[in-house]
$ cat coords_28.txt   # compact mmCIF, C-alpha atoms
# COMPACT_ATOMS: atom_id res chain seq x y z
CA MET A 1 87.41 174.91 -5.96
CA LEU A 2 88.59 177.71 -8.22
CA GLY A 3 90.54 177.32 -11.45
CA GLU A 4 92.46 179.70 -13.62
CA LYS A 5 94.72 179.36 -16.64
CA ALA A 6 97.74 181.66 -16.55
CA SER A 7 100.44 181.19 -19.21
CA ASP A 8 101.68 177.58 -19.05
CA HIS A 9 100.65 177.16 -15.44
CA TYR A 10 97.21 176.16 -14.34
CA CYS A 11 96.23 176.84 -10.73
CA GLU A 12 93.48 175.41 -8.57
CA VAL A 13 92.73 176.16 -4.95
CA THR A 14 90.89 173.44 -3.06
CA GLU A 15 89.55 173.35 0.45
CA LEU A 16 90.53 170.11 2.19
CA THR A 17 87.22 168.63 3.21
CA LEU A 18 86.17 165.46 5.00
CA SER A 19 86.02 163.84 1.54
CA HIS A 20 89.73 164.50 1.02
CA VAL A 21 91.32 163.80 4.41
CA ALA A 22 88.51 162.75 6.81
CA LEU A 23 89.46 164.30 10.18
CA GLY A 24 93.17 164.29 9.51
CA GLY A 25 95.83 165.95 7.40
CA LEU A 26 96.86 165.74 3.78
CA THR A 27 98.15 162.29 2.81
CA GLU A 28 100.29 161.29 -0.15
CA ALA A 29 97.28 159.78 -1.87
CA ALA A 30 95.09 162.83 -1.25
CA ALA A 31 97.84 165.16 -2.49
CA MET A 32 98.23 163.09 -5.64
CA ASP A 33 94.47 163.15 -6.16
CA LEU A 34 94.49 166.96 -5.98
CA VAL A 35 97.25 167.07 -8.59
CA GLY A 36 95.45 164.46 -10.69
CA ASN A 37 92.29 166.59 -10.67
CA ALA A 38 94.21 169.70 -11.76
CA HIS A 39 95.93 167.63 -14.46
CA CYS A 40 92.58 166.45 -15.85
CA HIS A 41 91.18 170.00 -15.81
CA ARG A 42 94.28 171.39 -17.55
CA LEU A 43 94.15 168.68 -20.25
CA THR A 44 90.63 169.61 -21.23
CA ALA A 45 90.64 173.36 -20.50
CA GLY A 46 88.74 175.13 -23.24
CA THR A 47 87.58 171.97 -25.02
CA GLY A 48 84.06 172.01 -23.56
CA HIS A 49 84.28 168.49 -22.23
CA SER A 50 85.85 166.62 -19.31
CA ILE A 51 88.50 163.91 -19.34
CA GLY A 52 86.07 161.29 -20.67
CA GLY A 53 85.72 163.37 -23.84
CA ILE A 54 89.27 162.60 -24.99
CA VAL A 55 88.75 160.05 -27.77
CA ASP A 56 90.59 158.66 -30.78
CA ASP A 57 89.44 158.80 -34.40
CA ALA A 58 87.28 155.72 -33.81
CA GLY A 59 85.54 157.37 -30.88
CA ARG A 60 87.19 155.16 -28.26
CA VAL A 61 87.96 156.84 -24.93
CA VAL A 62 91.68 157.59 -24.68
CA TYR A 63 93.02 157.59 -21.15
CA PRO A 64 96.12 159.58 -20.07
CA GLY A 65 97.48 156.87 -17.76
CA TYR A 66 100.25 157.58 -15.30
CA TYR A 67 103.39 155.52 -15.68
CA TYR A 68 105.71 157.55 -13.46
CA THR A 69 105.43 159.94 -10.55
CA LYS A 70 108.01 161.51 -8.26
CA LEU A 71 106.80 163.27 -5.14
CA ASP A 72 109.19 165.54 -3.24
CA VAL A 73 108.22 167.11 0.07
CA PRO A 74 110.30 169.52 2.19
CA SER A 75 111.23 167.83 5.48
CA GLN A 76 110.19 170.83 7.55
CA ARG A 77 106.80 171.08 5.77
CA PRO A 78 105.39 167.52 5.50
CA LEU A 79 102.05 167.06 3.78
CA GLY A 80 100.28 166.21 7.03
CA LEU A 81 100.70 169.77 8.31
CA HIS A 82 97.87 170.72 5.92
CA ARG A 83 94.75 169.85 7.91
CA VAL A 84 91.09 169.40 7.12
CA TRP A 85 89.47 172.74 6.11
CA ASP A 86 92.83 174.25 5.09
CA ARG A 87 93.00 175.55 1.53
CA ILE A 88 95.63 174.06 -0.78
CA ALA A 89 96.90 175.65 -3.99
CA VAL A 90 97.99 173.29 -6.77
CA GLU A 91 99.87 174.85 -9.66
CA ILE A 92 100.55 172.56 -12.58
CA ASP A 93 102.50 172.84 -15.82
CA VAL A 94 101.47 170.11 -18.28
CA ARG A 95 103.58 169.52 -21.39
CA ARG A 96 103.30 167.21 -24.34
CA TYR A 97 106.25 165.01 -25.25
CA GLY A 98 105.40 163.91 -28.74
CA ALA A 99 101.81 163.10 -29.55
CA LEU A 100 101.48 160.18 -27.16
CA LEU A 101 103.23 161.25 -23.98
CA LEU A 102 102.65 163.92 -21.37
CA ALA A 103 104.90 165.25 -18.62
CA SER A 104 103.89 167.56 -15.84
CA ARG A 105 105.26 169.30 -12.80
CA ALA A 106 102.96 170.44 -10.01
CA THR A 107 103.57 172.31 -6.78
CA LEU A 108 101.37 172.17 -3.70
CA CYS A 109 101.29 174.68 -0.88
CA GLY A 110 98.95 176.18 1.65
CA GLU A 111 97.02 179.11 0.22
CA ARG A 112 98.55 181.39 2.85
CA ASP A 113 102.11 180.04 2.73
CA ASP A 114 104.89 182.56 2.10
CA ALA A 115 105.74 182.90 -1.59
CA GLY A 116 109.33 181.84 -0.87
CA ALA A 117 108.43 178.81 1.27
CA ASP A 118 109.60 175.39 0.12
CA ARG A 119 106.80 173.51 -1.60
CA ALA A 120 105.95 169.92 -2.29
CA THR A 121 106.29 169.00 -5.96
CA LEU A 122 104.98 166.15 -8.06
CA LEU A 123 106.59 165.25 -11.36
CA ALA A 124 104.46 162.95 -13.46
CA CYS A 125 104.56 161.21 -16.83
CA ASN A 126 101.52 159.90 -18.67
CA SER A 127 100.89 158.09 -21.91
CA PHE A 128 97.71 158.14 -23.96
CA TYR A 129 96.25 154.68 -24.41
CA VAL A 130 93.10 152.69 -24.89
CA ASP A 131 92.52 149.64 -22.77
CA ARG A 132 92.46 146.27 -24.50
CA PRO A 133 91.37 143.75 -21.90
CA GLY A 134 93.87 140.92 -21.59
CA ARG A 135 96.38 142.56 -23.94
CA GLU A 136 98.99 145.28 -23.69
CA LYS A 137 97.59 148.79 -23.58
CA GLU A 138 97.47 150.30 -27.06
CA ALA A 139 99.26 153.64 -27.43
CA ILE A 140 96.98 155.94 -29.35
CA THR A 141 96.91 159.57 -30.41
CA PRO A 142 93.85 161.51 -29.28
CA ARG A 143 91.67 163.06 -31.96
CA PRO A 144 92.88 166.64 -32.59
CA GLY A 145 90.84 169.11 -30.59
CA THR A 146 89.87 166.73 -27.81
CA VAL A 147 92.94 167.72 -25.76
CA ALA A 148 93.78 171.33 -24.89
CA ALA A 149 96.76 172.85 -26.72
CA LEU A 150 99.83 172.09 -24.61
CA PRO A 151 103.35 173.49 -24.91
CA PRO A 152 106.15 171.02 -25.75
CA LEU A 153 108.26 169.49 -23.00
CA LYS A 154 111.52 170.68 -24.56
CA ASP A 155 110.69 174.28 -23.60
CA ALA A 156 109.99 173.51 -19.93
CA PRO A 157 112.70 174.56 -17.44
CA TRP A 158 112.26 171.19 -15.72
CA ALA A 159 112.41 169.09 -18.94
CA HIS A 160 115.74 167.50 -17.96
CA GLU A 161 114.06 165.91 -14.94
CA VAL A 162 111.73 163.76 -17.04
CA GLY A 163 113.39 163.43 -20.44
CA GLY A 164 114.93 160.06 -19.59
CA VAL A 165 111.92 158.64 -17.80
CA PRO A 166 110.45 156.51 -20.63
CA ARG A 167 113.78 154.69 -21.05
CA MET A 168 114.21 154.34 -17.28
CA PHE A 169 110.69 152.94 -17.06
CA LEU A 170 111.32 150.31 -19.73
CA ASP A 171 114.73 149.38 -18.30
CA SER A 172 113.31 149.08 -14.78
CA GLN A 173 110.47 146.95 -16.05
CA ALA A 174 112.95 144.63 -17.76
CA ARG A 175 115.12 144.42 -14.61
CA GLY A 176 112.14 143.97 -12.31
CA SER A 177 112.83 146.95 -10.08
CA ILE A 178 113.29 150.69 -10.05
CA ASP A 179 116.58 150.04 -8.23
CA PRO A 180 117.83 146.44 -8.46
CA ALA A 181 121.14 147.34 -6.79
CA PHE A 182 119.58 148.93 -3.70
CA GLU A 183 121.22 147.48 -0.59
CA ALA A 184 119.07 147.13 2.50
CA ASN A 185 120.40 147.21 6.05
CA VAL A 186 117.12 146.30 7.75
CA ALA A 187 117.19 142.55 7.45
CA HIS A 188 114.11 140.51 8.19
CA ALA A 189 111.00 139.16 6.43
CA ALA A 190 111.71 140.24 2.89
CA SER A 191 108.26 139.93 1.40
CA ALA A 192 104.76 141.02 2.28
CA ARG A 193 101.34 140.35 0.79
CA TYR A 194 98.50 142.73 0.10
CA THR A 195 95.14 141.92 -1.41
CA PRO A 196 93.33 144.94 -2.89
CA ARG A 197 89.62 145.10 -2.16
CA PHE A 198 86.80 146.50 -4.24
CA GLY A 199 85.14 149.38 -2.42
CA HIS A 200 88.36 150.12 -0.56
CA ASP A 201 91.31 150.18 -2.98
CA MET A 202 89.31 150.56 -6.18
CA PRO A 203 85.66 151.04 -7.18
CA TRP A 204 83.79 147.94 -8.29
CA GLY A 205 84.88 146.97 -11.80
CA GLU A 206 87.54 149.69 -12.07
CA HIS A 207 91.32 149.85 -11.84
CA ILE A 208 93.24 150.97 -8.79
CA ALA A 209 93.91 154.70 -9.23
CA PHE A 210 97.57 155.71 -9.39
CA SER A 211 97.30 157.66 -6.15
CA ARG A 212 96.01 154.65 -4.21
CA TYR A 213 99.34 152.88 -4.65
CA ALA A 214 100.94 155.46 -2.33
CA SER A 215 98.65 154.21 0.46
CA ILE A 216 99.31 150.57 -0.40
CA LEU A 217 103.09 151.13 -0.42
CA ALA A 218 102.95 152.98 2.90
CA ALA A 219 100.95 150.10 4.38
CA LEU A 220 103.53 147.61 3.13
CA GLU A 221 106.34 149.68 4.68
CA ARG A 222 104.47 149.88 7.97
CA ASP A 223 103.80 146.13 8.02
CA TYR A 224 107.44 145.49 7.22
CA LEU A 225 108.66 147.62 10.14
CA HIS A 226 106.15 146.12 12.52
CA SER A 227 107.25 142.63 11.52
CA ALA A 228 110.63 143.48 13.07
CA GLY A 229 109.10 142.57 16.42
CA ASP A 230 109.20 144.50 19.68
CA ALA A 231 112.41 146.33 18.86
CA PHE A 232 110.65 148.79 16.55
CA PRO A 233 108.23 151.05 18.47
CA ALA A 234 105.02 150.52 16.52
CA GLU A 235 103.47 153.80 17.70
CA ALA A 236 106.22 155.66 15.81
CA SER A 237 104.49 154.82 12.52
CA ALA A 238 101.99 157.60 13.24
CA TRP A 239 104.83 160.10 12.86
CA CYS A 240 106.26 158.77 9.61
CA GLU A 241 106.40 161.37 6.82
CA THR A 242 107.21 160.87 3.16
CA LEU A 243 109.90 163.14 1.78
CA ARG A 244 110.24 161.47 -1.60
CA ARG A 245 108.52 158.67 -3.44
CA GLU A 246 109.40 157.77 -7.01
CA THR A 247 106.94 155.28 -8.47
CA LEU A 248 106.72 153.32 -11.71
CA TYR A 249 103.23 152.05 -12.58
CA CYS A 250 103.77 148.98 -14.74
CA ALA A 251 100.43 147.16 -14.80
CA SER A 252 96.89 147.97 -13.81
CA ILE A 253 94.93 145.97 -11.26
CA ALA A 254 91.17 145.63 -11.40
CA GLU A 255 90.63 142.48 -9.38
CA GLU A 256 90.92 141.25 -5.83
CA SER A 257 94.05 139.37 -6.74
CA PRO A 258 96.84 139.02 -4.14
CA LEU A 259 99.94 141.14 -4.61
CA VAL A 260 103.34 140.12 -3.32
CA ALA A 261 105.85 142.79 -2.42
CA ARG A 262 109.58 142.49 -2.06
CA VAL A 263 110.54 145.12 0.49
CA ARG A 264 114.08 146.37 0.96
CA MET A 265 114.73 149.02 3.59
CA ARG A 266 117.73 150.94 4.82
CA VAL A 267 118.15 153.10 7.90
CA VAL A 268 120.16 156.21 7.03
CA PRO A 269 122.67 156.84 9.82
CA ASP A 270 123.16 160.34 11.22
CA SER A 271 120.41 162.05 9.23
CA THR A 272 120.59 165.83 9.48
CA ARG A 273 117.29 166.73 7.85
CA ALA A 274 115.27 169.60 9.29
CA ALA A 275 112.27 168.50 11.33
CA PRO A 276 108.76 169.99 11.16
CA PRO A 277 107.74 172.50 13.86
CA GLU A 278 107.48 171.01 17.35
CA ARG A 279 108.92 167.71 16.16
CA GLU A 280 112.31 165.98 16.45
CA LEU A 281 113.87 163.74 13.84
CA ALA A 282 114.31 160.21 15.12
CA ALA A 283 114.95 158.14 11.99
CA GLU A 284 115.37 158.40 8.24
CA LEU A 285 114.44 155.37 6.16
CA GLU A 286 114.95 154.57 2.51
CA SER A 287 113.02 151.79 0.87
CA VAL A 288 112.55 150.05 -2.45
CA ILE A 289 109.36 148.06 -2.92
CA ASP A 290 108.63 145.91 -5.96
CA VAL A 291 105.03 144.77 -6.08
CA ARG A 292 104.07 141.82 -8.27
CA ARG A 293 100.78 140.14 -9.06
CA GLU A 294 100.96 136.74 -7.45
CA SER A 295 98.94 135.00 -10.18
CA ASP A 296 101.36 135.68 -13.05
CA ASP A 297 104.37 137.39 -11.39
CA ALA A 298 103.80 140.55 -13.46
CA LEU A 299 105.45 143.65 -12.03
CA VAL A 300 102.66 146.01 -10.97
CA VAL A 301 104.47 148.84 -9.20
CA SER A 302 108.06 149.55 -8.30
CA ALA A 303 108.84 152.44 -5.97
CA LYS A 304 111.70 154.03 -4.12
CA ALA A 305 111.04 156.22 -1.11
CA ILE A 306 112.69 158.38 1.51
CA ARG A 307 110.70 158.73 4.71
CA VAL A 308 111.48 160.20 8.11
CA ILE A 309 110.04 159.54 11.51
CA ALA A 310 109.77 162.90 13.26
CA VAL A 311 108.24 162.47 16.72
CA PRO A 312 106.69 165.25 18.84
CA ARG A 313 109.10 167.09 21.13
CA GLY A 314 108.62 165.59 24.55
CA SER A 315 108.14 162.02 23.28
CA ARG A 316 111.54 161.24 24.70
CA ASP A 317 110.89 157.55 25.34
CA MET A 318 109.67 156.86 21.79
CA ARG A 319 112.57 158.80 20.29
CA GLU A 320 115.13 156.96 22.40
CA ARG A 321 113.69 153.57 21.48
CA LEU A 322 113.79 154.56 17.81
CA LEU A 323 117.38 155.72 18.09
CA ARG A 324 118.31 152.43 19.76
CA TRP A 325 116.56 150.50 16.98
CA CYS A 326 118.40 152.52 14.32
CA ALA A 327 121.74 152.02 16.06
CA ALA A 328 121.14 148.28 16.24
CA VAL A 329 120.27 148.16 12.52
CA CYS A 330 123.23 150.25 11.39
CA MET B 331 114.29 166.52 -47.10
CA ASN B 332 113.62 163.44 -49.21
CA LEU B 333 112.32 160.02 -48.19
CA ASP B 334 115.83 158.55 -48.02
CA GLU B 335 116.96 161.16 -45.51
CA ALA B 336 113.77 160.89 -43.49
CA ARG B 337 114.13 157.09 -43.40
CA GLN B 338 117.73 157.32 -42.16
CA THR B 339 116.69 159.68 -39.38
CA VAL B 340 113.80 157.41 -38.37
CA ILE B 341 116.07 154.35 -38.26
CA ARG B 342 118.75 156.21 -36.29
CA VAL B 343 116.20 157.36 -33.71
CA LEU B 344 114.64 153.92 -33.50
CA VAL B 345 118.02 152.36 -32.82
CA ASP B 346 119.06 155.08 -30.34
CA VAL B 347 115.84 154.83 -28.38
CA THR B 348 115.04 151.15 -28.48
CA LYS B 349 118.48 149.56 -28.95
CA PRO B 350 117.08 146.58 -30.88
CA ALA B 351 119.09 143.37 -30.80
CA ARG B 352 119.01 143.13 -34.61
CA GLY B 353 120.84 146.50 -35.03
CA ALA B 354 120.35 149.25 -37.59
CA ARG B 355 121.57 147.27 -40.62
CA ALA B 356 118.68 144.82 -40.32
CA ILE B 357 116.09 147.63 -40.42
CA GLY B 358 114.95 148.84 -43.81
CA ALA B 359 112.21 150.66 -45.63
CA GLY B 360 109.80 147.76 -45.48
CA THR B 361 110.52 146.61 -41.92
CA THR B 362 107.30 146.71 -39.96
CA LEU B 363 107.01 148.19 -36.48
CA ALA B 364 105.45 144.91 -35.40
CA GLU B 365 108.58 143.03 -36.51
CA LEU B 366 110.67 145.27 -34.28
CA GLY B 367 108.60 144.22 -31.28
CA LEU B 368 108.18 147.78 -30.07
CA ARG B 369 106.22 148.20 -26.86
CA SER B 370 103.75 151.07 -26.75
CA LEU B 371 106.03 153.26 -24.65
CA ASP B 372 108.95 152.59 -27.03
CA LEU B 373 106.88 153.84 -29.93
CA ALA B 374 105.64 156.84 -27.96
CA GLU B 375 109.22 157.82 -27.10
CA VAL B 376 110.38 157.33 -30.69
CA ILE B 377 107.65 159.68 -31.88
CA ALA B 378 108.58 162.23 -29.20
CA VAL B 379 112.25 162.19 -30.25
CA LEU B 380 111.30 162.36 -33.94
CA GLU B 381 109.37 165.54 -33.20
CA MET B 382 112.56 167.08 -31.86
CA GLU B 383 114.55 165.85 -34.87
CA PHE B 384 112.09 167.11 -37.48
CA ASP B 385 110.73 170.02 -35.43
CA PHE B 386 107.13 169.03 -36.04
CA ASP B 387 104.80 166.19 -35.13
CA PRO B 388 102.53 164.85 -37.86
CA PHE B 389 100.35 163.10 -35.27
CA VAL B 390 99.44 166.37 -33.59
CA GLY B 391 98.30 167.48 -37.04
CA GLY B 392 96.00 164.49 -37.42
CA ALA B 393 98.13 161.66 -38.87
CA ASN B 394 96.78 158.30 -37.76
CA LEU B 395 99.21 156.08 -35.90
CA ALA B 396 97.09 153.02 -36.60
CA GLU B 397 97.84 153.41 -40.33
CA VAL B 398 101.61 153.31 -39.80
CA ARG B 399 102.92 149.81 -40.51
CA THR B 400 106.43 150.15 -41.92
CA ILE B 401 109.52 152.32 -41.48
CA ASP B 402 108.70 154.11 -44.73
CA ASP B 403 105.10 154.71 -43.63
CA LEU B 404 106.53 156.51 -40.61
CA ALA B 405 109.31 158.33 -42.50
CA SER B 406 106.93 159.63 -45.17
CA LEU B 407 104.89 161.45 -42.51
CA TYR B 408 107.88 163.71 -41.87
CA LEU B 409 108.21 164.91 -45.48
CA ARG B 410 106.92 168.42 -46.00

$ encode --input "coords_28.txt" --output "structure tokens"
Amino acid sequence: MLGEKASDHYCEVTELTLSHVALGGLTEAAAMDLVGNAHCHRLTAGTGHSIGGIVDDAGRVVYPGYYYTKLDVPSQRPLGLHRVWDRIAVEIDVRRYGALLLASRATLCGERDDAGADRATLLACNSFYVDRPGREKEAITPRPGTVAALPPLKDAPWAHEVGGVPRMFLDSQARGSIDPAFEANVAHAASARYTPRFGHDMPWGEHIAFSRYASILAALERDYLHSAGDAFPAEASAWCETLRRETLYCASIAEESPLVARVRMRVVPDSTRAAPPERELAAELESVIDVRRESDDALVVSAKAIRVIAVPRGSRDMRERLLRWCAAVC
Amino acid sequence: MNLDEARQTVIRVLVDVTKPARGARAIGAGTTLAELGLRSLDLAEVIAVLEMEFDFDPFVGGANLAEVRTIDDLASLYLR
């Protein structure tokens, strides 16, 4: 992994190894981890310490927790096209928004992609806090010098994309969903359960990392579709690609406590999105998932996603069954 | 800028950002942030908007948020 600081943009090139993607391609969670790593490195560039060295005046570790992310991926270049041993360039611009908030925009692309090629982007918002077990996180300003000097958000060309996010976060939290008015057209079992496991979803004694929620949400979507019965071709899930996922992280989870998700899903009729090479678009799905902790009904995560199922050319039977399922839903 | 002006700006931003049920008239110099029931992200956003209003951020310069109790505590940080 190589890093360099150039103007307001920090760039890292990482080889996708077995540790990142096993034998497969880049996933949402792995992509978010790569951005998260670059974010941590940018925050502490030149300070002589790593992320754990960000402290407040009392010496308590101050954590830049994520409360919002928005991933956008070009439909013709899904993340999974980046395979194990490919090299991925992450370029990130991290800005401060006041003394307590951060906003960032990152792009991901293959190291050898054309300069003009569409790239995946991740917008993210963080707030500095110290954990107070059993109580609300305490917003805290890091001790001067423990965070790298960062330019202000107001000067970023993408500032308008995140300026309203804190208000949207608080409003969504109060309303219980990122999109309370979202109307589903896939109508069946409206809730699903998921129990996070230590050693799988989070390390023993630690919180679930923000990126892990992308995997949990994808699993909930898959379970939801499969619960539709025989009509939905289950094997099509292997060809599901995320084009957008906007996620609000409202509470942290550090226990094997059941989560209950309200899933709403809509099939988009007559999608005209471009498909990846050698693939054909068979379905476009939008979803809103609100995940709550079963024990106290606290909203944990609320997310809105656009995903497509783009099957290999030649998988005519699977594509036709998907089209029939979509037509029946719409 | 004097303390009166700074206080008015702080109250205006607080009301704009957090839209408290009690309204601006019920917020004064001695109102505490705790009384306003601000959540941590509310306060973080207020401070971010105040930076744009005053064109500087006292917390980046080392002011301690934990020592800010009242509206006037906050407003006085923006006097220079």

$ interface_residues --input "coords_28.txt" --of "chain A" --to "chain B" --cutoff "6 Å" --atoms "all atoms listed in the file" --output "list in words"
Tyr97, Gly98, Ala99, Leu100 and Ala139 of chain A

$ atom_distance --input "coords_28.txt" --atom1 "CA of Ala103 in chain A" --atom2 "CA of Asp297 in chain A"
28.8 Å

$ closest_residue --input "coords_28.txt" --among "B:Asp385, B:Leu344, B:Arg337, B:Tyr408" --to "Leu363 in chain B" --atoms "all atoms listed in the file"
B:Leu344

$ residues_around --input "coords_28.txt" --residues "Ala22 in chain A" --least-positions-apart "5" --cutoff "10 Å" --atoms "all atoms listed in the file" --output "list in words"
Leu16, Thr17, Arg83 and Val84 of chain A

$ closest_residue --input "coords_28.txt" --among "A:Phe210, A:Phe169, A:Tyr67, A:Trp85" --to "Gly36 in chain A" --atoms "only C-alpha atoms"
A:Phe210

$ residues_near_point --input "coords_28.txt" --point "(97.8, 171.9, -6.5)" --cutoff "7 Å" --atoms "only C-alpha atoms" --output "list in words"
Cys11, Glu12, Val13, Leu34, Val35, Ala38, Ile88, Ala89, Val90, Glu91, Ile92, Ala106, Thr107 and Leu108 of chain A

$ write_last_selection --input "coords_28.txt" --atoms "C-alpha atoms" --output "tab-separated table (two decimals), in the frame of the given file"
chain	number	residue	atom	x	y	z
A	11	CYS	CA	96.23	176.84	-10.73
A	12	GLU	CA	93.48	175.41	-8.57
A	13	VAL	CA	92.73	176.16	-4.95
A	34	LEU	CA	94.49	166.96	-5.98
A	35	VAL	CA	97.25	167.07	-8.59
A	38	ALA	CA	94.21	169.70	-11.76
A	88	ILE	CA	95.63	174.06	-0.78
A	89	ALA	CA	96.90	175.65	-3.99
A	90	VAL	CA	97.99	173.29	-6.77
A	91	GLU	CA	99.87	174.85	-9.66
A	92	ILE	CA	100.55	172.56	-12.58
A	106	ALA	CA	102.96	170.44	-10.01
A	107	THR	CA	103.57	172.31	-6.78
A	108	LEU	CA	101.37	172.17	-3.70

$ atom_distance --input "coords_28.txt" --atom1 "CA of Lys304 in chain A" --atom2 "CA of Pro203 in chain A"
26.4 Å

$ atom_distance --input "coords_28.txt" --atom1 "CA of Arg262 in chain A" --atom2 "CA of Ser302 in chain A"
9.5 Å

$ residues_around --input "coords_28.txt" --residues "Val311 in chain A" --least-positions-apart "6" --cutoff "7 Å" --atoms "only C-alpha atoms" --output "MDAnalysis selection string"
chainID A and resid 239 279:282 319

$ residues_near_point --input "coords_28.txt" --point "(110.1, 151.8, 4.0)" --cutoff "12 Å" --atoms "all atoms listed in the file" --output "NGL selection string"
:A and (184-186 or 190 or 214 or 216-226 or 237 or 240-245 or 261-268 or 283-290 or 303-309)

$ residues_around --input "coords_28.txt" --residues "Phe198 in chain A" --least-positions-apart "5" --cutoff "10 Å" --atoms "only C-alpha atoms" --output "VMD selection string"
chain A and resid 203 to 208 254 to 256

$ decode --input "coords_28.txt" --residues "range 369-380 of chain B" --atoms "N, CA and C atoms" --output "compact mmCIF listing (two decimals), in the first residue's frame"
# COMPACT_ATOMS: atom_id res chain seq x y z
N ARG B 369 -28.86 17.57 21.31
CA ARG B 369 -28.13 16.32 21.13
C ARG B 369 -26.74 16.66 20.60
N SER B 370 -25.83 15.70 20.69
CA SER B 370 -24.44 16.00 20.36
C SER B 370 -24.29 16.49 18.92
N LEU B 371 -25.09 15.90 18.01
CA LEU B 371 -24.96 16.31 16.61
C LEU B 371 -25.56 17.70 16.39
N ASP B 372 -26.60 18.05 17.16
CA ASP B 372 -27.14 19.41 17.11
C ASP B 372 -26.04 20.41 17.43
N LEU B 373 -25.36 20.15 18.55
CA LEU B 373 -24.33 21.08 19.01
C LEU B 373 -23.18 21.16 18.00
N ALA B 374 -22.83 20.01 17.45
CA ALA B 374 -21.74 19.99 16.45
C ALA B 374 -22.12 20.82 15.23
N GLU B 375 -23.38 20.73 14.81
CA GLU B 375 -23.82 21.48 13.63
C GLU B 375 -23.89 22.98 13.96
N VAL B 376 -24.36 23.30 15.16
CA VAL B 376 -24.40 24.71 15.57
C VAL B 376 -23.00 25.31 15.51
N ILE B 377 -22.04 24.60 16.02
CA ILE B 377 -20.66 25.10 16.03
C ILE B 377 -20.12 25.24 14.60
N ALA B 378 -20.51 24.29 13.72
CA ALA B 378 -20.06 24.39 12.33
C ALA B 378 -20.65 25.62 11.65
N VAL B 379 -21.93 25.89 11.90
CA VAL B 379 -22.57 27.06 11.28
C VAL B 379 -22.02 28.35 11.89
N LEU B 380 -21.75 28.34 13.19
CA LEU B 380 -21.17 29.53 13.82
C LEU B 380 -19.80 29.86 13.22
